Each structure stands twice: as structure tokens, then as C-alpha cells.
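**Q** Please find entry.tsv (TSV, C-alpha atoms) on the next line:
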```tsv
chain	number	residue	atom	x	y	z
K	804	GLN	CA	125.83	95.61	60.48
K	805	MET	CA	126.49	94.16	63.94
K	806	ARG	CA	122.78	93.44	64.42
K	807	SER	CA	122.57	91.58	61.09
K	808	SER	CA	125.64	89.50	61.96
K	809	LYS	CA	124.09	88.55	65.32
K	810	THR	CA	120.88	87.56	63.59
K	811	LEU	CA	122.85	85.38	61.15
K	812	VAL	CA	124.63	83.65	64.06
K	813	VAL	CA	121.32	82.93	65.80
K	814	ILE	CA	119.86	81.45	62.60
K	815	VAL	CA	122.91	79.24	62.10
K	816	ILE	CA	122.72	78.02	65.71
K	817	LEU	CA	119.02	77.26	65.36
K	818	VAL	CA	119.56	75.37	62.12
K	819	PHE	CA	122.42	73.20	63.40
K	820	LEU	CA	121.13	72.76	66.96
K	821	PRO	CA	119.48	69.38	67.50
K	822	PRO	CA	115.96	69.49	68.89
K	823	VAL	CA	116.76	68.45	72.46
K	824	GLY	CA	115.88	69.90	75.84
K	825	PRO	CA	118.20	70.96	78.69
K	826	ARG	CA	117.87	67.57	80.39
K	827	ALA	CA	119.28	65.87	77.31
K	828	TRP	CA	122.32	68.15	77.37
K	829	PHE	CA	123.32	66.84	80.78
K	830	THR	CA	122.22	63.23	80.45
K	831	ARG	CA	123.52	63.02	76.89
K	832	LYS	CA	120.60	60.91	75.84
K	833	LYS	CA	119.81	60.77	72.18
K	834	ARG	CA	116.67	62.73	71.33
K	835	HIS	CA	114.88	62.67	68.03
K	836	PRO	CA	112.97	65.49	66.38
K	837	PRO	CA	109.19	65.69	66.79
K	838	LYS	CA	107.48	62.74	65.18
K	839	THR	CA	105.72	64.28	62.21
K	840	GLY	CA	106.14	61.21	60.12
K	841	GLU	CA	109.10	59.12	59.20
K	842	HIS	CA	112.62	60.32	59.90
K	843	PRO	CA	113.80	62.27	56.82
K	844	SER	CA	116.67	60.73	55.01
K	845	ASP	CA	117.79	64.02	53.61
K	846	LYS	CA	120.12	65.82	56.06
K	847	CYS	CA	118.94	69.25	54.94
K	848	ALA	CA	115.33	68.32	55.59
K	849	TYR	CA	116.29	67.02	59.03
K	850	ARG	CA	118.01	70.29	59.94
K	851	LEU	CA	115.03	72.21	58.65
K	852	SER	CA	112.71	70.21	60.90
K	853	CYS	CA	115.02	71.01	63.82
K	854	PHE	CA	114.81	74.70	62.96
K	855	HIS	CA	111.00	74.63	62.88
K	856	TYR	CA	110.93	72.80	66.21
K	857	HIS	CA	113.03	75.42	68.00
K	858	VAL	CA	111.16	78.33	66.40
K	859	ASN	CA	107.82	76.92	67.54
K	860	ARG	CA	109.22	76.31	71.00
K	861	ALA	CA	110.48	79.90	71.25
K	862	ALA	CA	107.11	81.21	70.09
K	863	LEU	CA	105.36	79.14	72.79
K	864	ILE	CA	107.64	80.59	75.49
K	865	ALA	CA	107.02	84.11	74.20
K	866	ARG	CA	103.25	83.59	74.33
K	867	ARG	CA	103.48	82.35	77.91
K	868	TRP	CA	105.49	85.42	78.97
K	869	ASN	CA	103.02	87.72	77.21
K	870	ARG	CA	100.09	86.11	79.03
K	871	LYS	CA	101.94	86.49	82.32
K	872	SER	CA	102.69	90.18	81.74
K	873	LEU	CA	99.11	90.82	80.64
K	874	SER	CA	97.79	89.16	83.79
K	875	ILE	CA	100.03	91.41	85.92
K	876	MET	CA	98.82	94.50	84.07
K	877	SER	CA	95.18	93.51	84.45
K	878	ALA	CA	95.64	92.90	88.19
K	879	LEU	CA	96.92	96.43	88.79
K	880	PRO	CA	94.41	99.16	89.67
K	881	ARG	CA	93.74	101.99	87.25
K	882	ARG	CA	96.53	104.56	87.40
K	883	PRO	CA	95.68	108.28	87.55
K	884	HIS	CA	97.23	110.84	85.26
K	885	ILE	CA	100.57	112.28	86.28
K	886	ILE	CA	99.06	115.77	86.57
K	887	THR	CA	96.72	114.49	89.29
K	888	ILE	CA	99.57	112.95	91.25
K	889	THR	CA	101.75	116.06	90.96
K	890	MET	CA	98.87	118.32	92.03
K	891	MET	CA	98.34	116.15	95.11
K	892	ALA	CA	101.95	116.76	96.07
K	893	ALA	CA	102.02	120.44	95.03
K	894	VAL	CA	99.00	121.52	97.05
K	895	ALA	CA	100.65	120.15	100.20
K	896	VAL	CA	104.10	121.61	99.62
K	897	LEU	CA	103.04	125.04	98.32
K	898	SER	CA	101.09	125.79	101.48
K	899	LEU	CA	104.21	125.43	103.62
K	900	ASN	CA	105.97	128.74	102.96
K	901	MET	CA	103.74	130.56	100.49
K	902	ILE	CA	102.52	132.92	103.24
K	903	VAL	CA	106.00	133.79	104.57
K	904	PRO	CA	106.50	136.98	102.45
K	905	ALA	CA	103.25	138.41	103.88
K	906	PHE	CA	104.28	138.07	107.55
K	907	GLY	CA	105.21	141.73	107.80
K	908	GLU	CA	101.82	142.91	106.55
K	909	MET	CA	100.04	140.37	108.73
K	910	SER	CA	101.86	141.45	111.90
K	911	GLU	CA	100.82	145.04	111.26
K	912	SER	CA	97.25	144.02	110.47
K	913	PHE	CA	96.80	142.06	113.73
K	914	GLY	CA	99.04	144.30	115.87
K	915	VAL	CA	101.45	141.56	116.94
K	916	SER	CA	105.18	141.08	116.59
K	917	TYR	CA	106.83	139.36	113.66
K	918	ALA	CA	107.98	136.54	115.98
K	919	GLU	CA	104.38	135.79	117.01
K	920	ILE	CA	103.03	135.76	113.47
K	921	SER	CA	105.91	133.51	112.37
K	922	PHE	CA	104.23	130.70	114.33
K	923	LEU	CA	102.09	130.30	111.22
K	924	PHE	CA	105.17	128.76	109.60
K	925	SER	CA	106.93	127.00	112.50
K	926	GLY	CA	103.73	125.54	113.96
K	927	TYR	CA	102.60	124.38	110.53
K	928	LEU	CA	105.96	122.68	110.01
K	929	ILE	CA	105.86	120.84	113.34
K	930	ILE	CA	102.30	119.54	112.92
K	931	THR	CA	103.06	118.53	109.34
K	932	GLY	CA	105.94	116.36	110.53
K	933	LEU	CA	103.66	114.58	112.99
K	934	LEU	CA	100.80	114.05	110.55
K	935	THR	CA	103.18	112.62	107.94
K	936	LEU	CA	103.62	109.60	110.21
K	937	LEU	CA	99.85	109.02	110.30
K	938	ALA	CA	98.95	109.65	106.65
K	939	GLY	CA	100.38	106.36	105.40
K	940	PRO	CA	98.74	104.09	108.00
K	941	LEU	CA	95.41	105.90	107.58
K	942	SER	CA	95.48	105.34	103.81
K	943	ASP	CA	96.40	101.69	104.36
K	944	ARG	CA	93.43	101.29	106.70
K	945	PHE	CA	90.71	103.34	104.95
K	946	GLY	CA	92.03	103.64	101.37
K	947	ARG	CA	93.97	106.19	99.33
K	948	ARG	CA	91.02	108.00	97.77
K	949	PRO	CA	89.00	108.80	100.95
K	950	VAL	CA	92.03	110.10	102.84
K	951	ALA	CA	93.18	112.25	99.90
K	952	LEU	CA	89.71	113.73	99.35
K	953	PHE	CA	89.28	114.43	103.05
K	954	GLY	CA	92.65	116.14	103.39
K	955	ILE	CA	92.31	118.37	100.33
K	956	SER	CA	88.70	119.36	101.07
K	957	VAL	CA	89.51	120.26	104.70
K	958	PHE	CA	92.51	122.23	103.47
K	959	ALA	CA	90.32	124.21	101.06
K	960	VAL	CA	87.83	125.10	103.83
K	961	ALA	CA	90.62	126.02	106.27
K	962	SER	CA	92.31	128.21	103.65
K	963	ALA	CA	89.05	130.09	103.06
K	964	ILE	CA	88.65	130.63	106.81
K	965	CYS	CA	92.22	131.99	107.00
K	966	ALA	CA	91.40	134.40	104.18
K	967	VAL	CA	88.31	135.93	105.84
K	968	THR	CA	88.97	135.74	109.58
K	969	PRO	CA	89.62	138.97	111.54
K	970	ASN	CA	90.69	137.03	114.65
K	971	LEU	CA	94.28	135.94	115.21
K	972	ALA	CA	93.30	132.88	117.28
K	973	VAL	CA	90.98	131.68	114.52
K	974	LEU	CA	93.77	132.27	112.01
K	975	PHE	CA	96.19	130.13	114.03
K	976	THR	CA	93.58	127.37	114.42
K	977	ALA	CA	92.66	127.32	110.75
K	978	ARG	CA	96.35	127.34	109.81
K	979	ILE	CA	96.95	124.26	111.97
K	980	ILE	CA	93.93	122.55	110.38
K	981	GLN	CA	95.52	123.17	106.98
K	982	THR	CA	98.21	120.64	107.85
K	983	VAL	CA	95.89	117.69	107.10
K	984	VAL	CA	96.68	118.23	103.43
K	985	VAL	CA	100.10	116.67	103.98
K	986	GLY	CA	98.36	113.33	103.55
K	987	SER	CA	97.85	114.00	99.85
K	988	ALA	CA	101.60	114.30	99.28
K	989	VAL	CA	102.23	111.00	101.07
K	990	ILE	CA	99.35	109.28	99.28
K	991	SER	CA	100.61	110.45	95.88
K	992	GLN	CA	103.71	108.32	96.36
K	993	ALA	CA	101.67	105.38	97.63
K	994	VAL	CA	99.43	105.58	94.55
K	995	ILE	CA	102.50	105.39	92.33
K	996	ARG	CA	103.65	102.28	94.14
K	997	ASP	CA	100.20	100.68	93.85
K	998	THR	CA	99.87	101.27	90.11
K	999	SER	CA	103.42	100.70	88.84
K	1000	THR	CA	104.24	97.64	86.77
K	1001	ASP	CA	107.88	97.40	87.80
K	1002	GLN	CA	110.64	99.28	89.60
K	1003	ALA	CA	111.68	101.28	86.53
K	1004	ASP	CA	108.14	102.52	85.99
K	1005	ALA	CA	107.79	103.52	89.64
K	1006	THR	CA	111.15	105.32	89.61
K	1007	LYS	CA	110.23	107.35	86.54
K	1008	ARG	CA	106.91	108.48	88.00
K	1009	LEU	CA	108.34	109.15	91.46
K	1010	ALA	CA	110.91	111.42	89.81
K	1011	SER	CA	108.10	113.66	88.57
K	1012	VAL	CA	106.71	113.99	92.10
K	1013	ALA	CA	110.20	114.61	93.47
K	1014	ILE	CA	110.67	117.49	91.03
K	1015	VAL	CA	107.44	119.11	92.26
K	1016	ILE	CA	108.39	118.60	95.91
K	1017	GLY	CA	111.81	120.12	95.21
K	1018	LEU	CA	110.62	123.13	93.21
K	1019	ALA	CA	107.49	124.01	95.20
K	1020	PRO	CA	109.38	125.42	98.23
K	1021	LEU	CA	111.27	127.67	95.81
K	1022	ILE	CA	108.23	128.78	93.83
K	1023	GLY	CA	105.97	129.21	96.90
K	1024	PRO	CA	107.59	132.30	98.47
K	1025	THR	CA	107.98	134.00	95.10
K	1026	ALA	CA	104.36	133.44	94.14
K	1027	GLY	CA	103.22	134.37	97.64
K	1028	GLY	CA	105.16	137.63	97.54
K	1029	VAL	CA	103.70	138.62	94.17
K	1030	ILE	CA	100.15	137.80	95.30
K	1031	ALA	CA	100.62	139.64	98.60
K	1032	ASP	CA	101.84	142.77	96.79
K	1033	LEU	CA	98.86	142.70	94.41
K	1034	PHE	CA	96.00	141.53	96.63
K	1035	GLY	CA	97.27	141.61	100.20
K	1036	TRP	CA	98.00	138.75	102.58
K	1037	ARG	CA	94.43	137.46	102.36
K	1038	GLY	CA	94.91	136.94	98.63
K	1039	VAL	CA	97.60	134.33	99.43
K	1040	PHE	CA	95.07	132.20	101.28
K	1041	TRP	CA	92.51	132.67	98.51
K	1042	ALA	CA	95.15	131.43	96.06
K	1043	GLN	CA	95.70	128.36	98.24
K	1044	THR	CA	91.94	127.79	98.25
K	1045	LEU	CA	91.85	127.93	94.44
K	1046	VAL	CA	94.73	125.48	94.09
K	1047	ALA	CA	93.03	123.13	96.56
K	1048	ILE	CA	89.77	123.23	94.59
K	1049	VAL	CA	91.61	122.35	91.36
K	1050	ALA	CA	93.38	119.46	93.08
K	1051	LEU	CA	90.10	118.30	94.63
K	1052	VAL	CA	88.39	118.18	91.23
K	1053	LEU	CA	91.27	116.21	89.70
K	1054	VAL	CA	91.33	113.71	92.54
K	1055	TRP	CA	87.55	113.30	92.53
K	1056	PHE	CA	87.31	112.46	88.83
K	1057	ASP	CA	90.68	110.85	88.12
K	1058	LEU	CA	91.84	109.01	91.25
K	1059	LYS	CA	90.22	105.64	91.83
K	1060	GLU	CA	90.92	103.49	94.84
K	1061	THR	CA	94.34	101.84	94.40
K	1062	ASN	CA	94.71	100.12	97.77
K	1063	GLN	CA	93.47	96.62	97.03
K	1064	HIS	CA	94.69	95.11	100.30
K	1065	LYS	CA	93.45	97.27	103.16
K	1066	SER	CA	94.67	96.44	106.63
K	1067	SER	CA	92.15	95.34	109.22
K	1068	THR	CA	93.44	97.34	112.20
K	1069	PHE	CA	96.28	99.68	113.10
K	1070	PHE	CA	97.78	96.98	115.32
K	1071	ALA	CA	97.99	94.71	112.27
K	1072	GLN	CA	100.03	97.39	110.53
K	1073	ILE	CA	102.36	97.70	113.51
K	1074	ARG	CA	102.92	93.95	113.47
K	1075	ASP	CA	103.82	94.14	109.77
K	1076	TYR	CA	106.44	96.84	110.30
K	1077	PRO	CA	110.00	95.54	109.81
```
As C-alpha cells - that is how I would like this structure written.

**A**
Amino acid sequence: QMRSSKTLVVIVILVFLPPVGPRAWFTRKKRHPPKTGEHPSDKCAYRLSCFHYHVNRAALIARRWNRKSLSIMSALPRRPHIITITMMAAVAVLSLNMIVPAFGEMSESFGVSYAEISFLFSGYLIITGLLTLLAGPLSDRFGRRPVALFGISVFAVASAICAVTPNLAVLFTARIIQTVVVGSAVISQAVIRDTSTDQADATKRLASVAIVIGLAPLIGPTAGGVIADLFGWRGVFWAQTLVAIVALVLVWFDLKETNQHKSSTFFAQIRDYP
């Protein structure tokens, strides 16, 4: 009922509003309706011509806004599916603490203390924090797609090496190499920014990635403990390899390059920093 009353008010205003522009409202100059012939002597016909004038003017404005929005949409790069973006973030976050429940078995297998084997978590966390600072500038320089593919593929190979190695030094080295996958989590958010039409669209899609980043550290140890009980600690790294392969396939087929304005050098990026 309220909507119908508002519609009636708008129609009445359009009918009784003279066909003048904003400049005429301030200058108070007399404006006549569009010259489609002689001025109608009938007052009703005159008001009807005013109504048609304002309706046509509103339709012209609407068409201009539609063309503008369509041009913005066509200028944006192709957006990947949300499952691809969430997998890019999940493969990076799940690898953080998924191996923690198997530390006891690993310390017995390599004959070292629990404190020494726990470097697989603390060292991974430290290197991840450092590489997070480089992932964004690298994707701005070389593109989102190459950096994401490189990080996930290296992570898959490093996870397979961790699963088969009998040497503790090789295990530590391969575990540190796994940290390059952190770039995929950073790039997933950059891809959302590159392909979003407005702030509301970006916020909605970033919320999906935030849910994955928030739940993955909770799911990781649980899944890692179950896998370690069933298949041993090496099965945890094989599971990480499988997840990385799935993410790599999704990124390869679904993620197109979204960085349309690549920076020339790293120094140019530093100059652009606020």
C-alpha cells in the first residue's frame, strides 16, 4: 500500500511539474515544453506533454547509467569461481598445523626430541610471515596467475618430498620450501579486488575467504590427527600433496590473469606505497 501511494505521488509530480531544467529553477526563466508543434490550448494536453517530456528524459538518464555500468563490467577481467579462490586460501592455511598431531610419531621415527621436531611448525610460521610481505609485490610485478601456479606446484612437490624422505635435514628443507604456497592465499584476496564491481561485491566474496582462513586452522589438526592415526605421519604429507594437486588443477583451468596494470619494477611499487 505504501509503495502504491509513493508511485501515485511520483506520477502526480511528473504530471504537474513543468518541463524545465535545474538551471531554470534558479534563474526562474520561463521555459516552454519541447516544440512538437503549436502550443496546445488545452491545459490537460499541455500537462500530458510535460509528463511525456520528463518520462523520456528519465529514460535517457537510465540508458546512460546502464551503458556506464556495462562498460565497467566489460573492463573487469574474468572472475574465477569462488571454489577456486577458497581452495587457493585453504591449501596455504591447512599446511600450517596439519602435521602437528603427528609430531610425537615423527620424533620417534627420526630419533629426535619433540622440541627439535616442532621446528617444522615454528620455522614454517616464521618463513610464512616473511614471504607474505613478498607475495603481493611479486604478483603485482609478474601477475597473479604465474605466482599462484608457481607457489602451489612447488608446494605439491615439496609435500611429496616430505612424505618419502628418510632424512631429517631433507624433511626440514622441504618443509621450509612448502612456505611458498602462502602466496596463493595472498593472491586470492588480490584476485577478488581485481574482479569486483564495487565494495559490496568485494566484501561479500572476501567474507568467503575469511571463513576458510578462520576454519582451516581448526580443521587442520583434527584432519591431520585422523590421517596420522590411519596412515602414519607420511600420510599427512600425502594428503597435503593431494589437496595441492586439486588446487593446482582449479587454478590452471579457472584462474585467468586479473592484474591488468603490472608494475615495471619493485622500486616503482615502493614509490607507490603510501

**Q** Could you tell me how far atom CA of Gly926 of chain K lies from atom CA of Ile979 of chain K, in Å and to one decimal?

**A**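 Between atom CA of Gly926 of chain K and atom CA of Ile979 of chain K the gap works out to 7.2 Å.
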
**Q** Determine the nearest neighbour of Phe1056 of chain K from the options K:Leu952, K:Ala961, K:Ala892, K:Ala1003, counting all atoms listed in the file.

**A** K:Leu952

**Q** Which residues, protein or nucleic acid, reach to within 12 Å of (86.3, 101.1, 104.7) in the file's coordinates when using all atoms listed in the file, and can you give that as number ranges by chain?

**A** K: 941-950, 1060, 1062-1068

**Q** Scan for residues within 10 Å of the point (95.3, 131.4, 111.5) in the coordinates of the file, using only C-alpha atoms, and reply as a list in words.

**A**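 Returned residue set, sorted by chain then number, is Ile920, Phe922, Leu923, Ala961, Ser962, Ile964, Cys965, Ala966, Thr968, Pro969, Asn970, Leu971, Ala972, Val973, Leu974, Phe975, Thr976, Ala977, Arg978, Ile979, Ile980 and Gln981 of chain K.
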
**Q** Just checking: using all atoms listed in the file, which residue out of K:Ser991, K:Asp1032, K:Arg996, K:Ala895 ends up closest to Glu908 of chain K?

**A**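 Comparing K:Ser991, K:Asp1032, K:Arg996, K:Ala895 against Glu908 of chain K, the winner is K:Asp1032.
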
**Q** Pick out the residues sitting within 9 Å of Asp1057 of chain K, and hand them over as a PyMOL selection string; count only C-alpha atoms, and ignore anything fewer than 5 positions along from it in its own chain.

**A** chain K and resi 882-884+887+1052

**Q** Enter the distance from atom CA of Gly914 of chain K to atom CA of Ala1031 of chain K, in Å, rounded to one decimal.

**A** 18.0 Å

**Q** Generate the coordinates of N, CA, C and O atoms for segment 955-979 of chain K; report them as a PDB file, keeping the file's coordinate frame.

**A**
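What follows is the written file part.pdb:
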```pdb
ATOM      1  N   ILE K 955      92.342 117.208 101.228  1.00  0.00           N
ATOM      2  CA  ILE K 955      92.310 118.370 100.330  1.00  0.00           C
ATOM      3  C   ILE K 955      91.070 119.217 100.574  1.00  0.00           C
ATOM      4  O   ILE K 955      91.134 120.451 100.543  1.00  0.00           O
ATOM      5  N   SER K 956      89.919 118.582 100.832  1.00  0.00           N
ATOM      6  CA  SER K 956      88.700 119.360 101.070  1.00  0.00           C
ATOM      7  C   SER K 956      88.794 120.141 102.383  1.00  0.00           C
ATOM      8  O   SER K 956      88.380 121.311 102.442  1.00  0.00           O
ATOM      9  N   VAL K 957      89.327 119.527 103.429  1.00  0.00           N
ATOM     10  CA  VAL K 957      89.510 120.260 104.700  1.00  0.00           C
ATOM     11  C   VAL K 957      90.507 121.396 104.517  1.00  0.00           C
ATOM     12  O   VAL K 957      90.321 122.492 105.075  1.00  0.00           O
ATOM     13  N   PHE K 958      91.539 121.167 103.727  1.00  0.00           N
ATOM     14  CA  PHE K 958      92.510 122.230 103.470  1.00  0.00           C
ATOM     15  C   PHE K 958      91.859 123.402 102.746  1.00  0.00           C
ATOM     16  O   PHE K 958      92.146 124.567 103.049  1.00  0.00           O
ATOM     17  N   ALA K 959      90.991 123.132 101.793  1.00  0.00           N
ATOM     18  CA  ALA K 959      90.320 124.210 101.060  1.00  0.00           C
ATOM     19  C   ALA K 959      89.443 125.041 101.995  1.00  0.00           C
ATOM     20  O   ALA K 959      89.444 126.280 101.942  1.00  0.00           O
ATOM     21  N   VAL K 960      88.691 124.370 102.878  1.00  0.00           N
ATOM     22  CA  VAL K 960      87.830 125.100 103.830  1.00  0.00           C
ATOM     23  C   VAL K 960      88.682 125.908 104.805  1.00  0.00           C
ATOM     24  O   VAL K 960      88.379 127.081 105.096  1.00  0.00           O
ATOM     25  N   ALA K 961      89.749 125.311 105.326  1.00  0.00           N
ATOM     26  CA  ALA K 961      90.620 126.020 106.270  1.00  0.00           C
ATOM     27  C   ALA K 961      91.301 127.214 105.619  1.00  0.00           C
ATOM     28  O   ALA K 961      91.474 128.271 106.252  1.00  0.00           O
ATOM     29  N   SER K 962      91.684 127.092 104.358  1.00  0.00           N
ATOM     30  CA  SER K 962      92.310 128.210 103.650  1.00  0.00           C
ATOM     31  C   SER K 962      91.323 129.367 103.478  1.00  0.00           C
ATOM     32  O   SER K 962      91.687 130.539 103.635  1.00  0.00           O
ATOM     33  N   ALA K 963      90.069 129.038 103.176  1.00  0.00           N
ATOM     34  CA  ALA K 963      89.050 130.090 103.060  1.00  0.00           C
ATOM     35  C   ALA K 963      88.809 130.779 104.392  1.00  0.00           C
ATOM     36  O   ALA K 963      88.606 131.999 104.453  1.00  0.00           O
ATOM     37  N   ILE K 964      88.820 130.019 105.488  1.00  0.00           N
ATOM     38  CA  ILE K 964      88.650 130.630 106.810  1.00  0.00           C
ATOM     39  C   ILE K 964      89.817 131.554 107.126  1.00  0.00           C
ATOM     40  O   ILE K 964      89.628 132.651 107.667  1.00  0.00           O
ATOM     41  N   CYS K 965      91.048 131.125 106.785  1.00  0.00           N
ATOM     42  CA  CYS K 965      92.220 131.990 107.000  1.00  0.00           C
ATOM     43  C   CYS K 965      92.098 133.281 106.199  1.00  0.00           C
ATOM     44  O   CYS K 965      92.561 134.343 106.644  1.00  0.00           O
ATOM     45  N   ALA K 966      91.489 133.225 105.043  1.00  0.00           N
ATOM     46  CA  ALA K 966      91.400 134.400 104.180  1.00  0.00           C
ATOM     47  C   ALA K 966      90.400 135.426 104.685  1.00  0.00           C
ATOM     48  O   ALA K 966      90.531 136.624 104.392  1.00  0.00           O
ATOM     49  N   VAL K 967      89.378 134.998 105.445  1.00  0.00           N
ATOM     50  CA  VAL K 967      88.310 135.930 105.840  1.00  0.00           C
ATOM     51  C   VAL K 967      88.308 136.259 107.324  1.00  0.00           C
ATOM     52  O   VAL K 967      87.586 137.170 107.742  1.00  0.00           O
ATOM     53  N   THR K 968      89.073 135.541 108.136  1.00  0.00           N
ATOM     54  CA  THR K 968      88.970 135.740 109.580  1.00  0.00           C
ATOM     55  C   THR K 968      89.619 137.057 110.020  1.00  0.00           C
ATOM     56  O   THR K 968      90.701 137.426 109.543  1.00  0.00           O
ATOM     57  N   PRO K 969      88.996 137.784 110.958  1.00  0.00           N
ATOM     58  CA  PRO K 969      89.620 138.970 111.540  1.00  0.00           C
ATOM     59  C   PRO K 969      90.286 138.676 112.877  1.00  0.00           C
ATOM     60  O   PRO K 969      90.857 139.582 113.501  1.00  0.00           O
ATOM     61  N   ASN K 970      90.200 137.417 113.337  1.00  0.00           N
ATOM     62  CA  ASN K 970      90.690 137.030 114.650  1.00  0.00           C
ATOM     63  C   ASN K 970      91.990 136.253 114.510  1.00  0.00           C
ATOM     64  O   ASN K 970      92.077 135.315 113.711  1.00  0.00           O
ATOM     65  N   LEU K 971      92.993 136.605 115.314  1.00  0.00           N
ATOM     66  CA  LEU K 971      94.280 135.940 115.210  1.00  0.00           C
ATOM     67  C   LEU K 971      94.204 134.499 115.713  1.00  0.00           C
ATOM     68  O   LEU K 971      94.845 133.608 115.138  1.00  0.00           O
ATOM     69  N   ALA K 972      93.418 134.242 116.765  1.00  0.00           N
ATOM     70  CA  ALA K 972      93.300 132.880 117.280  1.00  0.00           C
ATOM     71  C   ALA K 972      92.643 131.971 116.252  1.00  0.00           C
ATOM     72  O   ALA K 972      93.064 130.818 116.065  1.00  0.00           O
ATOM     73  N   VAL K 973      91.619 132.470 115.575  1.00  0.00           N
ATOM     74  CA  VAL K 973      90.980 131.680 114.520  1.00  0.00           C
ATOM     75  C   VAL K 973      91.957 131.432 113.379  1.00  0.00           C
ATOM     76  O   VAL K 973      91.974 130.347 112.777  1.00  0.00           O
ATOM     77  N   LEU K 974      92.770 132.425 113.076  1.00  0.00           N
ATOM     78  CA  LEU K 974      93.770 132.270 112.010  1.00  0.00           C
ATOM     79  C   LEU K 974      94.765 131.173 112.364  1.00  0.00           C
ATOM     80  O   LEU K 974      95.085 130.320 111.519  1.00  0.00           O
ATOM     81  N   PHE K 975      95.260 131.175 113.607  1.00  0.00           N
ATOM     82  CA  PHE K 975      96.190 130.130 114.030  1.00  0.00           C
ATOM     83  C   PHE K 975      95.533 128.753 113.972  1.00  0.00           C
ATOM     84  O   PHE K 975      96.139 127.785 113.521  1.00  0.00           O
ATOM     85  N   THR K 976      94.276 128.665 114.424  1.00  0.00           N
ATOM     86  CA  THR K 976      93.580 127.370 114.420  1.00  0.00           C
ATOM     87  C   THR K 976      93.360 126.859 113.009  1.00  0.00           C
ATOM     88  O   THR K 976      93.615 125.681 112.713  1.00  0.00           O
ATOM     89  N   ALA K 977      92.899 127.744 112.139  1.00  0.00           N
ATOM     90  CA  ALA K 977      92.660 127.320 110.750  1.00  0.00           C
ATOM     91  C   ALA K 977      93.973 126.961 110.056  1.00  0.00           C
ATOM     92  O   ALA K 977      94.005 126.043 109.223  1.00  0.00           O
ATOM     93  N   ARG K 978      95.041 127.652 110.409  1.00  0.00           N
ATOM     94  CA  ARG K 978      96.350 127.340 109.810  1.00  0.00           C
ATOM     95  C   ARG K 978      96.821 125.955 110.247  1.00  0.00           C
ATOM     96  O   ARG K 978      97.377 125.201 109.433  1.00  0.00           O
ATOM     97  N   ILE K 979      96.585 125.595 111.510  1.00  0.00           N
ATOM     98  CA  ILE K 979      96.950 124.260 111.970  1.00  0.00           C
ATOM     99  C   ILE K 979      96.089 123.201 111.282  1.00  0.00           C
ATOM    100  O   ILE K 979      96.564 122.118 110.918  1.00  0.00           O
TER     101      ILE K 979
END
```
